[in-house]
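Q: Here you go, this is structure-v2.txt (compact mmCIF, C-alpha atoms (C1' of nucleotides)).
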```txt
# COMPACT_ATOMS: atom_id res chain seq x y z
CA MET T 7 -75.19 7.83 28.87
CA THR T 8 -76.16 8.02 32.50
CA THR T 9 -75.99 4.28 33.04
CA ASN T 10 -72.81 4.42 35.06
CA SER T 11 -73.71 7.13 37.52
CA THR T 12 -77.17 5.63 37.97
CA SER T 13 -75.73 2.19 38.66
CA GLN T 14 -73.29 3.68 41.11
CA LEU T 15 -76.06 5.37 43.07
CA ASP T 16 -78.03 2.12 43.02
CA ALA T 17 -75.07 0.16 44.34
CA ILE T 18 -74.55 2.51 47.28
CA ALA T 19 -78.29 2.64 47.92
CA ALA T 20 -78.45 -1.16 47.86
CA LEU T 21 -75.74 -1.34 50.50
CA GLU T 22 -77.55 1.24 52.63
CA ASP T 23 -80.81 -0.64 52.19
CA ALA T 24 -79.10 -3.74 53.53
CA GLY T 25 -78.17 -1.78 56.66
CA LEU T 26 -74.51 -1.66 55.71
CA ARG T 27 -72.15 1.24 56.22
CA ILE T 28 -70.92 3.36 53.36
CA THR T 29 -67.18 3.40 53.69
CA GLU T 30 -64.53 4.99 51.56
CA GLN T 31 -63.36 1.52 50.51
CA ARG T 32 -66.81 0.49 49.36
CA ARG T 33 -67.15 3.69 47.40
CA GLN T 34 -63.84 3.02 45.71
CA ILE T 35 -64.84 -0.53 44.85
CA VAL T 36 -68.19 0.56 43.41
CA ALA T 37 -66.49 3.33 41.44
CA ALA T 38 -63.93 0.89 40.03
CA ILE T 39 -66.67 -1.54 39.00
CA ASN T 40 -68.54 1.28 37.25
CA ARG T 41 -65.44 2.10 35.28
CA LYS T 42 -65.45 -1.47 33.89
CA ASN T 43 -67.22 -2.33 30.69
CA GLY T 44 -67.19 -6.10 30.43
CA GLY T 45 -66.50 -8.72 33.05
CA PHE T 46 -63.70 -8.56 35.55
CA THR T 47 -62.08 -10.83 38.09
CA ALA T 48 -61.85 -10.20 41.82
CA GLU T 49 -58.08 -10.35 41.76
CA GLU T 50 -57.92 -7.85 38.91
CA LEU T 51 -60.02 -5.43 40.92
CA ALA T 52 -57.99 -6.03 44.07
CA THR T 53 -54.71 -5.37 42.28
CA GLU T 54 -56.12 -2.23 40.70
CA LEU T 55 -57.35 -0.84 44.00
CA ALA T 56 -54.26 -1.86 45.93
CA ASN T 57 -52.11 0.50 43.88
CA GLU T 58 -54.23 3.57 44.29
CA PHE T 59 -53.88 6.23 46.94
CA GLU T 60 -55.33 4.96 50.19
CA GLY T 61 -55.85 1.56 48.54
CA VAL T 62 -58.32 -1.13 49.45
CA GLY T 63 -57.19 -4.44 50.94
CA ARG T 64 -57.66 -7.68 49.12
CA ALA T 65 -59.91 -9.16 51.81
CA THR T 66 -62.14 -6.09 51.66
CA VAL T 67 -62.48 -6.39 47.91
CA TYR T 68 -63.62 -10.00 48.22
CA ARG T 69 -65.95 -9.20 51.10
CA THR T 70 -67.52 -6.32 49.22
CA LEU T 71 -67.92 -8.30 46.00
CA LYS T 72 -69.82 -10.89 47.97
CA LEU T 73 -72.10 -8.22 49.45
CA LEU T 74 -72.71 -6.72 46.03
CA VAL T 75 -73.60 -10.11 44.58
CA GLU T 76 -76.04 -10.68 47.43
CA ALA T 77 -77.52 -7.24 46.80
CA ASN T 78 -77.90 -8.08 43.08
CA VAL T 79 -75.73 -5.14 42.15
CA ILE T 80 -73.24 -7.35 40.37
CA CYS T 81 -73.35 -10.90 39.05
CA LYS T 82 -70.87 -13.63 39.56
CA LEU T 83 -70.59 -15.80 36.52
CA ALA T 84 -68.31 -18.56 35.33
CA LEU T 85 -66.19 -19.15 32.26
CA PRO T 86 -66.38 -22.56 30.56
CA ASP T 87 -63.60 -23.91 32.78
CA GLY T 88 -65.31 -22.54 35.90
CA THR T 89 -63.09 -19.49 36.37
CA PRO T 90 -65.23 -16.92 38.17
CA MET T 91 -65.99 -13.56 36.59
CA TYR T 92 -67.94 -10.63 37.92
CA SER T 93 -70.03 -8.24 35.93
CA ALA T 94 -72.05 -5.14 36.79
CA SER T 95 -75.73 -5.92 36.69
CA ARG T 96 -78.05 -3.50 34.90
CA VAL T 97 -81.19 -5.47 34.12
CA GLU T 98 -83.49 -6.95 36.75
CA HIS T 99 -83.33 -10.66 36.01
CA HIS T 100 -81.15 -11.74 33.18
CA HIS T 101 -78.59 -14.11 31.77
CA HIS T 102 -75.20 -13.51 30.28
CA SER T 103 -73.18 -14.08 27.22
CA VAL T 104 -69.44 -13.97 27.66
CA CYS T 105 -67.07 -13.56 24.77
CA VAL T 106 -64.39 -16.17 25.38
CA SER T 107 -62.05 -14.17 23.20
CA CYS T 108 -62.26 -10.63 24.64
CA GLY T 109 -64.17 -11.22 27.87
CA ALA T 110 -67.00 -8.83 26.98
CA VAL T 111 -70.15 -9.59 28.91
CA GLU T 112 -73.62 -8.89 27.60
CA GLU T 113 -76.83 -9.20 29.54
CA PHE T 114 -80.07 -10.30 28.00
CA ARG T 115 -83.56 -11.16 29.00
CA ASP T 116 -85.42 -13.68 27.00
CA ALA T 117 -89.04 -14.61 27.46
CA THR T 118 -88.33 -18.01 25.97
CA VAL T 119 -85.81 -18.69 28.68
CA GLU T 120 -88.41 -18.01 31.33
CA ARG T 121 -90.82 -20.29 29.54
CA VAL T 122 -88.29 -23.13 29.58
CA LEU T 123 -87.83 -22.64 33.28
CA ARG T 124 -91.54 -23.03 33.87
CA SER T 125 -91.76 -26.10 31.66
CA LEU T 126 -88.84 -27.70 33.47
CA ALA T 127 -90.35 -26.93 36.84
CA ARG T 128 -93.07 -29.41 35.94
CA GLU T 129 -90.64 -32.12 34.84
CA ILE T 130 -88.27 -31.97 37.75
CA ASP T 131 -89.05 -33.91 40.91
CA GLY T 132 -88.47 -31.20 43.50
CA ASP T 133 -88.56 -27.43 43.91
CA ILE T 134 -86.47 -25.28 41.62
CA ILE T 135 -84.52 -22.96 43.90
CA GLY T 136 -82.40 -21.25 41.29
CA HIS T 137 -80.53 -21.70 38.09
CA ARG T 138 -77.46 -20.64 36.23
CA MET T 139 -77.29 -20.06 32.53
CA GLU T 140 -74.41 -18.67 30.59
CA PHE T 141 -73.65 -18.50 26.92
CA TYR T 142 -70.11 -18.59 25.65
CA ILE T 143 -69.73 -16.71 22.42
CA ARG T 144 -67.26 -15.15 20.08
CA CYS T 145 -68.59 -11.66 19.74
CA GLY T 146 -69.03 -9.78 16.45
CA ALA T 147 -65.94 -7.63 16.97
CA CYS T 148 -63.70 -10.63 17.72
CA ARG T 149 -65.04 -12.51 14.72
CA ILE T 150 -64.18 -9.61 12.46
CA ALA T 151 -60.75 -9.26 14.06
CA ALA T 152 -60.05 -12.97 13.53
CA THR T 153 -61.28 -12.93 9.92
CA GLY T 154 -59.52 -9.75 8.83
CA MET A 20 -79.07 -52.18 35.81
CA THR A 21 -76.04 -52.39 33.57
CA THR A 22 -75.52 -48.66 33.48
CA ASN A 23 -72.39 -48.74 35.61
CA SER A 24 -70.44 -51.42 33.83
CA THR A 25 -71.45 -49.95 30.47
CA SER A 26 -70.32 -46.47 31.49
CA GLN A 27 -67.07 -47.86 32.76
CA LEU A 28 -66.33 -49.55 29.48
CA ASP A 29 -67.23 -46.36 27.65
CA ALA A 30 -64.91 -44.33 29.84
CA ILE A 31 -61.94 -46.58 29.17
CA ALA A 32 -62.84 -46.77 25.49
CA ALA A 33 -63.07 -42.98 25.33
CA LEU A 34 -59.58 -42.67 26.76
CA GLU A 35 -58.28 -45.21 24.27
CA ASP A 36 -60.03 -43.43 21.42
CA ALA A 37 -58.24 -40.26 22.44
CA GLY A 38 -54.93 -42.09 22.05
CA LEU A 39 -54.31 -42.20 25.78
CA ARG A 40 -52.83 -45.03 27.78
CA ILE A 41 -54.88 -47.21 30.04
CA THR A 42 -53.11 -47.20 33.35
CA GLU A 43 -53.97 -48.81 36.65
CA GLN A 44 -54.59 -45.34 38.12
CA ARG A 45 -57.03 -44.38 35.40
CA ARG A 46 -58.86 -47.66 35.89
CA GLN A 47 -59.13 -46.96 39.59
CA ILE A 48 -60.41 -43.44 39.02
CA VAL A 49 -63.03 -44.59 36.52
CA ALA A 50 -64.09 -47.39 38.89
CA ALA A 51 -64.43 -44.94 41.79
CA ILE A 52 -66.53 -42.59 39.66
CA ASN A 53 -68.79 -45.45 38.65
CA ARG A 54 -69.35 -46.26 42.31
CA LYS A 55 -70.72 -42.72 42.82
CA ASN A 56 -74.36 -41.97 42.45
CA GLY A 57 -74.72 -38.19 42.57
CA GLY A 58 -72.11 -35.50 42.14
CA PHE A 59 -68.68 -35.56 43.72
CA THR A 60 -65.76 -33.22 44.19
CA ALA A 61 -62.25 -33.77 42.92
CA GLU A 62 -60.81 -33.56 46.39
CA GLU A 63 -63.28 -36.14 47.69
CA LEU A 64 -62.22 -38.54 44.97
CA ALA A 65 -58.53 -37.84 45.58
CA THR A 66 -58.85 -38.50 49.31
CA GLU A 67 -60.78 -41.69 48.65
CA LEU A 68 -58.21 -43.04 46.22
CA ALA A 69 -55.24 -41.92 48.29
CA ASN A 70 -56.18 -44.31 51.09
CA GLU A 71 -56.55 -47.41 49.00
CA PHE A 72 -53.89 -50.00 48.28
CA GLU A 73 -51.54 -48.65 45.66
CA GLY A 74 -53.36 -45.32 45.81
CA VAL A 75 -53.61 -42.65 43.17
CA GLY A 76 -51.85 -39.30 43.57
CA ARG A 77 -53.84 -36.09 43.82
CA ALA A 78 -52.28 -34.60 40.68
CA THR A 79 -53.22 -37.70 38.72
CA VAL A 80 -56.81 -37.49 39.92
CA TYR A 81 -57.08 -33.88 38.71
CA ARG A 82 -55.35 -34.66 35.45
CA THR A 83 -57.62 -37.61 34.77
CA LEU A 84 -60.78 -35.70 35.67
CA LYS A 85 -59.79 -33.11 33.13
CA LEU A 86 -59.27 -35.77 30.48
CA LEU A 87 -62.61 -37.37 31.29
CA VAL A 88 -64.37 -34.02 31.03
CA GLU A 89 -62.75 -33.42 27.65
CA ALA A 90 -63.83 -36.90 26.56
CA ASN A 91 -67.41 -36.14 27.68
CA VAL A 92 -67.33 -39.07 30.06
CA ILE A 93 -68.03 -36.85 33.05
CA CYS A 94 -69.37 -33.32 33.45
CA LYS A 95 -67.97 -30.52 35.49
CA LEU A 96 -70.72 -28.42 36.95
CA ALA A 97 -70.94 -25.64 39.49
CA LEU A 98 -72.95 -25.06 42.65
CA PRO A 99 -74.65 -21.68 43.08
CA ASP A 100 -71.52 -20.26 44.74
CA GLY A 101 -69.32 -21.60 41.98
CA THR A 102 -67.94 -24.61 43.85
CA PRO A 103 -67.10 -27.19 41.18
CA MET A 104 -68.76 -30.57 41.17
CA TYR A 105 -68.24 -33.52 38.87
CA SER A 106 -70.84 -36.00 37.74
CA ALA A 107 -70.78 -39.11 35.57
CA SER A 108 -72.36 -38.37 32.21
CA ARG A 109 -74.84 -40.89 30.84
CA VAL A 110 -76.84 -38.97 28.23
CA GLU A 111 -75.38 -37.48 25.06
CA HIS A 112 -76.08 -33.78 25.48
CA HIS A 113 -77.84 -32.74 28.60
CA HIS A 114 -78.17 -30.35 31.48
CA HIS A 115 -78.18 -30.90 35.19
CA SER A 116 -80.23 -30.34 38.23
CA VAL A 117 -78.34 -30.38 41.50
CA CYS A 118 -80.08 -30.77 44.83
CA VAL A 119 -78.52 -28.11 47.03
CA SER A 120 -79.56 -30.11 50.05
CA CYS A 121 -78.23 -33.61 49.35
CA GLY A 122 -76.01 -33.04 46.30
CA ALA A 123 -77.90 -35.48 44.07
CA VAL A 124 -77.37 -34.74 40.40
CA GLU A 125 -79.92 -35.54 37.72
CA GLU A 126 -79.40 -35.25 34.03
CA PHE A 127 -82.10 -34.24 31.64
CA ARG A 128 -82.58 -33.42 28.02
CA ASP A 129 -85.23 -30.96 27.07
CA ALA A 130 -86.24 -30.12 23.55
CA THR A 131 -87.40 -26.72 24.72
CA VAL A 132 -83.93 -25.95 25.98
CA GLU A 133 -82.49 -26.66 22.57
CA ARG A 134 -85.14 -24.46 21.00
CA VAL A 135 -84.17 -21.57 23.25
CA LEU A 136 -80.57 -21.99 22.29
CA ARG A 137 -81.46 -21.67 18.62
CA SER A 138 -83.65 -18.64 19.23
CA LEU A 139 -80.89 -16.96 21.19
CA ALA A 140 -78.35 -17.71 18.52
CA ARG A 141 -80.28 -15.29 16.30
CA GLU A 142 -80.41 -12.55 18.93
CA ILE A 143 -76.81 -12.61 19.99
CA ASP A 144 -74.22 -10.66 18.02
CA GLY A 145 -71.58 -13.31 17.56
CA ASP A 146 -71.17 -17.07 17.37
CA ILE A 147 -72.39 -19.21 20.22
CA ILE A 148 -69.52 -21.48 21.15
CA GLY A 149 -71.06 -23.17 24.15
CA HIS A 150 -73.28 -22.73 27.11
CA ARG A 151 -73.76 -23.74 30.69
CA MET A 152 -77.07 -24.37 32.30
CA GLU A 153 -77.69 -25.74 35.76
CA PHE A 154 -80.79 -25.93 37.89
CA TYR A 155 -80.56 -25.80 41.63
CA ILE A 156 -83.33 -27.71 43.26
CA ARG A 157 -84.50 -29.26 46.46
CA CYS A 158 -85.26 -32.81 45.42
CA GLY A 159 -88.43 -34.70 46.32
CA ALA A 160 -86.69 -36.79 48.99
CA CYS A 161 -85.20 -33.74 50.71
CA ARG A 162 -88.50 -31.90 50.61
CA ILE A 163 -90.18 -34.84 52.34
CA ALA A 164 -87.35 -35.10 54.86
CA ALA A 165 -87.66 -31.39 55.68
CA THR A 166 -91.44 -31.48 55.95
CA GLY A 167 -91.64 -34.68 58.02
C1' DC O 10 -68.87 14.92 70.01
C1' DG O 11 -68.42 10.51 71.81
C1' DC O 12 -69.70 5.74 71.92
C1' DT O 13 -70.44 1.25 69.92
C1' DA O 14 -71.09 -1.73 66.50
C1' DT O 15 -69.31 -2.44 61.98
C1' DA O 16 -65.59 -2.55 58.73
C1' DT O 17 -60.78 -2.91 57.58
C1' DG O 18 -56.31 -5.01 56.63
C1' DA O 19 -52.41 -7.99 57.58
C1' DT O 20 -51.70 -12.54 57.91
C1' DA O 21 -52.51 -17.12 57.62
C1' DC O 22 -55.24 -20.64 56.02
C1' DT O 23 -58.32 -23.53 52.70
C1' DT O 24 -59.80 -25.33 48.35
C1' DA O 25 -59.20 -26.16 43.51
C1' DG O 26 -56.13 -26.77 40.34
C1' DT O 27 -51.48 -26.44 37.53
C1' DA O 28 -46.28 -26.80 36.67
C1' DT O 29 -42.00 -29.31 37.19
C1' DC O 30 -39.32 -33.12 36.62
C1' DA O 31 -37.15 -37.37 37.89
C1' DA O 32 -38.75 -42.03 38.17
C1' DT O 33 -41.85 -45.36 36.20
C1' DA O 34 -45.04 -47.84 33.29
C1' DT O 35 -47.41 -48.56 28.83
C1' DT O 36 -47.53 -49.52 24.21
C1' DC O 37 -45.25 -50.02 19.80
C1' DT O 38 -41.93 -52.28 17.15
C1' DT O 39 -39.63 -56.07 15.86
C1' DA X 6 -40.85 -61.41 24.42
C1' DA X 7 -37.48 -57.69 24.84
C1' DG X 8 -36.31 -53.06 24.24
C1' DA X 9 -37.05 -48.41 22.78
C1' DA X 10 -39.88 -44.52 22.63
C1' DT X 11 -43.16 -42.01 24.75
C1' DA X 12 -46.77 -41.16 28.01
C1' DT X 13 -47.86 -41.13 32.84
C1' DT X 14 -47.13 -40.72 37.63
C1' DG X 15 -46.33 -38.57 42.10
C1' DA X 16 -43.92 -35.50 45.23
C1' DT X 17 -43.46 -30.99 45.67
C1' DA X 18 -44.22 -26.47 45.07
C1' DC X 19 -46.84 -23.12 43.14
C1' DT X 20 -51.11 -20.06 41.62
C1' DA X 21 -55.83 -18.49 42.02
C1' DA X 22 -59.95 -17.68 44.54
C1' DG X 23 -61.67 -17.08 48.63
C1' DT X 24 -62.35 -17.32 53.99
C1' DA X 25 -61.03 -16.86 59.10
C1' DT X 26 -58.86 -14.26 62.69
C1' DC X 27 -58.30 -10.46 65.31
C1' DA X 28 -56.33 -6.09 66.62
C1' DT X 29 -57.10 -1.46 64.93
C1' DA X 30 -59.83 2.08 62.80
C1' DT X 31 -64.10 4.43 61.51
C1' DA X 32 -69.17 5.20 60.34
C1' DG X 33 -73.03 6.96 61.95
C1' DC X 34 -76.43 7.07 65.81
C1' DG X 35 -77.79 9.67 69.82
```
What do you get writing this file as structure tokens?
A:
Amino acid sequence: MTTNSTSQLDAIAALEDAGLRITEQRRQIVAAINRKNGGFTAEELATELANEFEGVGRATVYRTLKLLVEANVICKLALPDGTPMYSASRVEHHHHSVCVSCGAVEEFRDATVERVLRSLAREIDGDIIGHRMEFYIRCGACRIAATG
Amino acid sequence: MTTNSTSQLDAIAALEDAGLRITEQRRQIVAAINRKNGGFTAEELATELANEFEGVGRATVYRTLKLLVEANVICKLALPDGTPMYSASRVEHHHHSVCVSCGAVEEFRDATVERVLRSLAREIDGDIIGHRMEFYIRCGACRIAATG
DNA sequence: CGCTATATGATACTTAGTATCAATATTCTT
DNA sequence: AAGAATATTGATACTAAGTATCATATAGCG
């Protein structure tokens, strides 16, 4: 699986493309994100990176997350109660399902979703600028764990 | 238009149905919400009610908003950056469009949306517990204002 | 290599919301 | 209608998520 290293290169490239500097801190943040599998919180990441050798400051973590969201390298999503979660972004345009039990995040594209968006564009009085769509699930693994 | 008085009665009834007490503060909060047209923030509501005669405490405002969300009397939605917004709920199950320019919130039901949800339920490995869907728009009025 | 703009980090602040707990008010019971 | 039992309130203090400030450090261009 080369997904991680590819994503990492993309993330750094995206920052460069935006005319931003590649610092040791940003490298560390990108590396830490690539080590993640599901979603993660900003504070979690900050705590993690604060403890390492030549750690990264909390403010820098937040600043960099914002840059990465703007660069479409990661996504910022929300739990049902609005708690923010971040997740590495692998697919071009997509939506997410979040397991409310284990926090696993899956990305998916769905043609039907895009069709709805177009149909709604006609119904809504105004221009659609963007949207947010998240599915809250209990994933297969968690269902089995709960049943067993 | 009897929408407001009807909603207000529903809100109080919903609290009663949940076995909760009808206090002067809760009445005031419900009344203030019914005076709103678009979306509003918790802090906005708290400030508003803090200044009135026999005002309502900030903690009570937050507590009551939570109860009203649970009772489906109001909805908690999120702006693109995640900033929470509340909005009185008039339709049974619906989604929202938020004008990022003026903050107006519209509710809508769409059969297509429900169809997508069912189609996704089959694709996703796990049980769909809930979802969130918001459209960010520039409403007709704001478009005209910007153009003119 | 040196300069300059960019980035960092410590600190303090803001916003959104929750926890605590004594004082108070509602509703039930009679 | 009074009193008891229980829910609610509000002041305060706290957490979580994020932003502003600004002196110091460093990337990367020339």
Q: State, in Å with one decimal place, the distance from CA of Asp146 in chain A to CA of Val104 in chain T.
A: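 Atom-to-atom, CA of Asp146 in chain A to CA of Val104 in chain T, that is 10.9 Å.
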Q: Using Å and a single decimal, report how far CA of Leu74 in chain T sits from C1' of DT17 in chain O.
A: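 Distance reported for this atom pair: 17.0 Å.
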Q: For the full set of C-alpha atoms taken in order, report to one decimal the RMSD after fitting chain T onto chain A.
A: 0.1 Å
Q: Leaving out Pro90 in chain T and any residue of its chain fewer than 6 positions from it, which residues lie within 12 Å of it when counting only C-alpha atoms (C1' of nucleotides), given as a count of residues only?
A: 22
Q: For chain A, list the residues within 8 Å of chain O, counting all atoms listed in the file, and write the list as a ChimeraX atom specification.
A: /A:40-42,81
Q: Could I get the residues of chain A with an atom no further than 12 Å from an atom of chain X, each paired with its nearest atom pair and that distance in Å to one decimal, using all atoms listed in the file, sorted by chain and residue number, as a Markdown table?
A:
```
| residue | atom | partner | partner_atom | distance |
| --- | --- | --- | --- | --- |
| A:Gly38 | CA | X:DA12 | C1' | 10.1 |
| A:Leu39 | CA | X:DA12 | C1' | 7.9 |
| A:Arg40 | CA | X:DA12 | C1' | 7.2 |
| A:Ile41 | CA | X:DT13 | C1' | 9.7 |
| A:Thr42 | CA | X:DT13 | C1' | 8.0 |
| A:Glu43 | CA | X:DT13 | C1' | 10.5 |
| A:Gln44 | CA | X:DT14 | C1' | 8.8 |
| A:Arg45 | CA | X:DT13 | C1' | 10.1 |
| A:Ala69 | CA | X:DG15 | C1' | 11.4 |
| A:Glu73 | CA | X:DG15 | C1' | 11.9 |
| A:Gly74 | CA | X:DG15 | C1' | 10.4 |
| A:Val75 | CA | X:DG15 | C1' | 8.4 |
| A:Gly76 | CA | X:DG15 | C1' | 5.8 |
| A:Arg77 | CA | X:DG15 | C1' | 8.1 |
| A:Ala78 | CA | X:DG15 | C1' | 7.3 |
| A:Thr79 | CA | X:DT14 | C1' | 6.9 |
| A:Val80 | CA | X:DT14 | C1' | 10.5 |
| A:Arg82 | CA | X:DT13 | C1' | 10.2 |
| A:Thr83 | CA | X:DT13 | C1' | 10.6 |
| A:Asp100 | CA | X:DG23 | C1' | 11.1 |
| A:Gly101 | CA | X:DA22 | C1' | 10.5 |
| A:Thr102 | CA | X:DA22 | C1' | 10.6 |
```
Q: Please check the contacts: residues of chain T at most 10 Å away from chain A, using all atoms listed in the file, listed as number ranges by chain.
A: T: 82-90, 102-106, 112, 114, 116-123, 125-127, 129-150
Q: Leaving out Val36 in chain T and any residue of its chain fewer than 3 positions from it, which residues lie within 7 Å of it when counting all atoms listed in the file, given as a ChimeraX atom specification?
A: /T:14,17,32-33,39-40
Q: Distance CA of His101 in chain T-CA of Arg115 in chain T, one decimal place?
A: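 Between CA of His101 in chain T and CA of Arg115 in chain T the gap works out to 6.4 Å.
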Q: Of the residues T:Ser107, T:Thr53, T:Ser93, T:Thr153, which is the one nearest to Arg41 in chain T, using only C-alpha atoms?
A: T:Ser93
Q: Around all listed atoms of range 18-23 of chain O, padded 3 Å per side, what centre and edge lengths does the axis-aligned box have in Å to one decimal, as JSON?
A:
```
{"center_x": -55.0, "center_y": -14.3, "center_z": 55.3, "size_x": 12.6, "size_y": 24.5, "size_z": 11.2}
```
Q: Taking 6 positions as the minimum chain separation for residues in the same chain, which residues sit within 9 Å of Ala90 in chain A when counting only C-alpha atoms (C1' of nucleotides)? Answer as a PDB file with C-alpha atoms, in the frame of the given file.
A:
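So result24.pdb came out as:
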```pdb
ATOM      1  CA  ALA A  30     -64.910 -44.330  29.840  1.00  0.00           C
ATOM      2  CA  ALA A  33     -63.070 -42.980  25.330  1.00  0.00           C
ATOM      3  CA  LEU A  34     -59.580 -42.670  26.760  1.00  0.00           C
ATOM      4  CA  ALA A  37     -58.240 -40.260  22.440  1.00  0.00           C
TER       5      ALA A  37
END
```
